[in-house]
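In what follows, a structure is listed as structure tokens, so that the remarks can point back to it.
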Amino acid sequence: MILGGLKFAQTSQNLAWRLQMNQLSADVLVVGGGTGGTAAAIQAARTGANTILVSELPWLGGMLTAEGVAAPDGNELLAWQTGLWGAYLRSLQQRQPNGLDHGWVSFFTYDPKLGAEIFADWVAALPNLRWIIQQTPLEVLRQANQITGVRFADFTVQAQITIDGTELGDLLPLGNIPHRWGWEWRSQWSEPSAPLAETPLTRTYPVQVPTWVVMLRDFGNGAIAPEIPPAPTWNPELFAGAWTGYDPLQFLNYGRLPGDRLMINWPQRGNDYGEGIERLVGTPQARSQFLQESLWHSQNFACYLQCQLGRRYGLAQDAFPEQAPGGGAFALQPYYRESRRLVGLTTIIEQDILPMPGAQVAKLPVNEQGEITAIALGNYPNDHHYPSGDIPLQPKSIRWGGRWTGTPFTLPYSALIPAEVDGFLVCEKNISVSHIANGATRLQPLVLGIGQAAGMAAALCVKHRCQPRDLPVRTLQSALLSDPIAPAAIVPLFNLLPDHPDWLTWQHYYLDHPQAYPLDGTCADLAPPSISCLPPDSPFLQVFTGTFDRLEAQNYGFSLDNGDSPPETVGDRWQLVTLDPSVNQQLQACQTGQRLKLQGWANHSGRWIRVHALV
């Protein structure tokens, strides 16, 4: 059976089922096959729960695949590459023949089809997980304060635990579950970046705007790509100055993928779209109209780029399924940055994601009993998207490994649980979070972690016959840390790599001793960390020799010479960066003029060498 360009085995126990049955039952029902929903369903099934996953699209993975953002942000350091996020990266590294170093917006860019295949393979390996496609929820079933299932067009699913993994939190209004949409003023939670009152921007854009990703292809010098037609809303003035501050090639290399593809997800006078965005939570007709306009806007941006930069650039018609809206060059749906947001037992606010004074880490969430309640970690800098311009936000970045990265923070389990409703969890951008803090919690690796935690919690609730609010958080944390396939870190420590022999010991130590958590996020008593999770004979590693130049703290230049350096890099000046704590420590000790020989990966778009080891 072929769906969306991917081949799926069709068996009585496998995936992609189009069912005519009227009544189904499961331990766990996950609605939505996006980043969080996919992770939740896989983890729930791996933990032993009979699980049904219902998705609207034929590709799983959401932001990482069907929405085209094949250049994920955040959780890039080796210490944060754990859980399903780490497993996903390792699978990509194994499957993509020419590595992941292509664009400069991310350390990991890849063919989105590969990502969809990985998730489909993981689902196919689980006989207790049924995946049903092309269905959207119509009704949430509820008895008093307990959610008992969901009705779709062709069938109804009864479940002990229902998880909302939809892109826009669609189960929340259907189930009459309290939720938020839009801004909160500073008076509500004293968030330092929240506005004092309504402004023209907050009136026009109640939430962050989505982007309909389009994939271009560089056909090469002298090529004449098929012409990209303008959409009915064509207005080239909207895009004037899109790459101001960048030369055209640097701009295009932002999201360069393998196979000369170019991911276009550009915020500066680009294809972000938010006019009348409240229609996303209006009637189905209003939502459909907004989506059509968003798709046209992206088509017009692609047309503008071709007009300005030449016909060597055209649509990559084979990037997505041909039946995708707009054809195979456009993602299956927009990249949603914000949705309806649950009113949960706890609401994550800006202060929860910012580093403590004088620290490189945020405080760990602690409940009234003094227990750490963290279940997922992220580190992305707070980032908001509005077509009229960004808003000022409190900084949460540091220089580390020769580059800028975000300070780490963790999310509490209680932000996944409704304040009053039972039998229900959330696992996407619909967690209980403020509008301001959503700018850091919405990123793909963290949402994978949220989904993994929600799926694990749901399976444990079934096992222990309890409601999500009654599940001891330590039970959930221990299960995540000890998962036999994809153990997930709970406490962020820059120098504690997932393959360190004492990784589990130190994770439990800080859960038991929250007062000992170091302000610099570094475990001082840790034995020297191992180097990299990749084997040293990785086919993508190269050897470079040259002269080191310390430009400033955590900013390193490198001039390559003939030595062992690849011929195409000799004579060039590069930046040295690393994701590895031991290499970070070594680079800090290097002096200007020092000759170095190192192993790493050259990223020609970003003009950096990601250092694996000094040799």
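In the structure tokens, chains take the letters A, B, ... in the order shown, each chain's residues start at 1, and ligands count up from 1 in the order shown.
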| query | Contacts of region 211-214 of chain A at 8 Å or less, counting only C-alpha atoms, minus same-chain residues fewer than 4 places along, as an MDAnalysis selection string? | reply | chainID A and resid 67:69 263:265 271:273 294:295 298:299 302 315 329:331 333:336
| query | Running DSSP on the backbone, which parts of region 128-284 of chain A land in alpha helix (DSSP H), as a list in words? | reply |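 The alpha helix (DSSP H) residues within region 128-284 of chain A come out as Leu171, Leu172, Pro173, Leu174, Arg186, Ser187, Gln188, Trp189, Pro200, Leu201, Thr202, Arg203, Thr204, Pro248, Leu249, Gln250, Phe251, Leu252 and Pro284 of chain A.
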| note | Expressed in Å, the length from CA of Asn562 (chain A) to CA of Val543 (chain A) is 11.2 Å
| request: Identify which of the residues A:Gly259, A:Gly600, A:Gly34, A:Gly370 lies closest to Phe540 (chain A), counting only C-alpha atoms when measuring atom-to-atom distances. | output: A:Gly600
| task | Tell me, as JSON, numbers by chain, which residues lie within 10 Å of region 382-384 of chain A, counting only C-alpha atoms; anything in the same chain fewer than 2 positions away does not count. | result | {"A": [207, 208, 209, 267, 337, 338, 350, 353, 354, 379, 380, 386, 389, 390, 391, 392, 393, 394, 395, 396, 397, 406, 407, 435, 436, 437, 438, 439, 440, 441, 442, 443]}
Please, could you write that set of residues out with C-alpha atoms as a PDB file, in the first residue's frame?
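Below you can see out_7.pdb, which holds the result:
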ATOM      1  CA  VAL A 207      -0.727  34.292  18.478  1.00  0.00           C
ATOM      2  CA  GLN A 208       2.516  33.643  16.645  1.00  0.00           C
ATOM      3  CA  VAL A 209       1.961  33.226  12.942  1.00  0.00           C
ATOM      4  CA  PRO A 267      10.543  35.273   8.698  1.00  0.00           C
ATOM      5  CA  ARG A 337       4.046  27.883  16.041  1.00  0.00           C
ATOM      6  CA  GLU A 338       1.218  28.329  18.512  1.00  0.00           C
ATOM      7  CA  GLU A 350       8.572  33.347  31.111  1.00  0.00           C
ATOM      8  CA  ILE A 353      12.462  29.420  31.085  1.00  0.00           C
ATOM      9  CA  LEU A 354      14.906  32.237  31.900  1.00  0.00           C
ATOM     10  CA  ASN A 379      17.218  25.126  25.526  1.00  0.00           C
ATOM     11  CA  TYR A 380      16.023  27.243  22.623  1.00  0.00           C
ATOM     12  CA  TYR A 386       5.000  38.344  13.719  1.00  0.00           C
ATOM     13  CA  GLY A 389       8.298  42.688  13.420  1.00  0.00           C
ATOM     14  CA  ASP A 390       9.664  40.933  16.460  1.00  0.00           C
ATOM     15  CA  ILE A 391       8.943  41.996  20.020  1.00  0.00           C
ATOM     16  CA  PRO A 392      11.703  42.617  22.595  1.00  0.00           C
ATOM     17  CA  LEU A 393      12.255  39.547  24.751  1.00  0.00           C
ATOM     18  CA  GLN A 394      14.426  38.882  27.767  1.00  0.00           C
ATOM     19  CA  PRO A 395      17.693  37.257  26.621  1.00  0.00           C
ATOM     20  CA  LYS A 396      18.304  33.617  27.428  1.00  0.00           C
ATOM     21  CA  SER A 397      21.360  32.850  25.324  1.00  0.00           C
ATOM     22  CA  GLY A 406      20.096  28.875  24.430  1.00  0.00           C
ATOM     23  CA  THR A 407      20.180  28.364  28.173  1.00  0.00           C
ATOM     24  CA  HIS A 435       1.931  33.173  25.150  1.00  0.00           C
ATOM     25  CA  ILE A 436       5.370  34.642  25.908  1.00  0.00           C
ATOM     26  CA  ALA A 437       6.951  31.382  27.110  1.00  0.00           C
ATOM     27  CA  ASN A 438       5.502  29.496  24.133  1.00  0.00           C
ATOM     28  CA  GLY A 439       8.256  31.091  22.039  1.00  0.00           C
ATOM     29  CA  ALA A 440      10.763  28.727  23.691  1.00  0.00           C
ATOM     30  CA  THR A 441       8.596  25.653  24.372  1.00  0.00           C
ATOM     31  CA  ARG A 442       7.256  25.228  20.806  1.00  0.00           C
ATOM     32  CA  LEU A 443      10.433  23.857  19.197  1.00  0.00           C
TER      33      LEU A 443
END
| said: as a list in words, please: the residues near region 21-29 of chain A (cut-off 8 Å, only C-alpha atoms, same-chain neighbours under 3 positions excluded). | reply: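 What passes the distance filter is Ala41, Ala44, Ala49, Asn50, Thr51, Ile52, Leu53, Val54, Gly149, Asp154, Phe155, Thr156, Val157, Gln158, Ala159, Gln160, Ile161, Thr162, Ile163, Ala458, Ala459 and Val462 of chain A.
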Keeping N, CA, C and O atoms, export the residues of the selection given above as a compact mmCIF listing (two decimals), in the first residue's frame.
# COMPACT_ATOMS: atom_id res chain seq x y z
N ALA A 41 2.30 8.43 20.90
CA ALA A 41 1.77 7.13 20.50
C ALA A 41 2.84 6.06 20.52
O ALA A 41 2.63 4.94 21.01
N ALA A 44 3.77 5.33 24.24
CA ALA A 44 2.71 4.60 24.95
C ALA A 44 2.70 3.14 24.53
O ALA A 44 2.59 2.24 25.38
N ALA A 49 1.01 -0.22 26.34
CA ALA A 49 -0.41 0.11 26.23
C ALA A 49 -0.92 -0.17 24.82
O ALA A 49 -0.23 0.09 23.83
N ASN A 50 -2.12 -0.71 24.72
CA ASN A 50 -2.79 -0.83 23.43
C ASN A 50 -3.20 0.57 22.99
O ASN A 50 -4.00 1.24 23.66
N THR A 51 -2.65 1.00 21.87
CA THR A 51 -2.71 2.41 21.50
C THR A 51 -3.29 2.57 20.10
O THR A 51 -2.98 1.80 19.20
N ILE A 52 -4.12 3.59 19.93
CA ILE A 52 -4.61 4.01 18.61
C ILE A 52 -4.15 5.43 18.37
O ILE A 52 -4.31 6.32 19.21
N LEU A 53 -3.55 5.65 17.20
CA LEU A 53 -3.11 6.97 16.77
C LEU A 53 -3.94 7.36 15.55
O LEU A 53 -3.96 6.63 14.55
N VAL A 54 -4.61 8.49 15.63
CA VAL A 54 -5.45 8.97 14.52
C VAL A 54 -4.85 10.27 14.01
O VAL A 54 -4.71 11.23 14.77
N GLY A 149 -13.24 9.38 25.30
CA GLY A 149 -12.94 9.01 23.93
C GLY A 149 -13.25 10.13 22.97
O GLY A 149 -13.57 11.26 23.36
N ASP A 154 -15.92 8.26 10.71
CA ASP A 154 -16.18 6.86 10.38
C ASP A 154 -16.26 5.94 11.59
O ASP A 154 -16.62 4.77 11.44
N PHE A 155 -15.89 6.40 12.75
CA PHE A 155 -15.83 5.52 13.92
C PHE A 155 -15.69 6.35 15.18
O PHE A 155 -15.44 7.56 15.14
N THR A 156 -15.84 5.68 16.31
CA THR A 156 -15.63 6.28 17.63
C THR A 156 -14.61 5.44 18.37
O THR A 156 -14.61 4.21 18.27
N VAL A 157 -13.74 6.09 19.12
CA VAL A 157 -12.73 5.39 19.91
C VAL A 157 -12.98 5.68 21.39
O VAL A 157 -13.04 6.85 21.80
N GLN A 158 -13.17 4.62 22.17
CA GLN A 158 -13.23 4.73 23.62
C GLN A 158 -11.86 4.42 24.18
O GLN A 158 -11.21 3.45 23.75
N ALA A 159 -11.38 5.24 25.12
CA ALA A 159 -10.03 5.04 25.65
C ALA A 159 -9.97 5.44 27.12
O ALA A 159 -10.72 6.32 27.57
N GLN A 160 -9.06 4.80 27.85
CA GLN A 160 -8.87 5.17 29.25
C GLN A 160 -8.19 6.53 29.37
O GLN A 160 -8.53 7.33 30.23
N ILE A 161 -7.21 6.77 28.48
CA ILE A 161 -6.53 8.06 28.45
C ILE A 161 -6.53 8.57 27.01
O ILE A 161 -6.14 7.86 26.09
N THR A 162 -6.96 9.81 26.81
CA THR A 162 -6.93 10.47 25.51
C THR A 162 -5.87 11.57 25.55
O THR A 162 -5.80 12.34 26.52
N ILE A 163 -5.06 11.63 24.50
CA ILE A 163 -4.00 12.62 24.41
C ILE A 163 -4.26 13.51 23.20
O ILE A 163 -4.43 13.03 22.08
N ALA A 458 0.68 8.22 30.07
CA ALA A 458 -0.60 7.57 29.77
C ALA A 458 -0.51 6.06 29.97
O ALA A 458 -1.41 5.44 30.57
N ALA A 459 0.57 5.45 29.48
CA ALA A 459 0.74 4.00 29.64
C ALA A 459 0.87 3.62 31.11
O ALA A 459 0.33 2.59 31.55
N VAL A 462 -2.53 3.67 32.78
CA VAL A 462 -3.27 2.45 32.48
C VAL A 462 -2.76 1.30 33.34
O VAL A 462 -3.55 0.53 33.93
| note | From the list A:Glu184, A:Asn300, A:Pro97, A:Ala589, the nearest residue to Asn235 (chain A) using only C-alpha atoms is A:Asn300
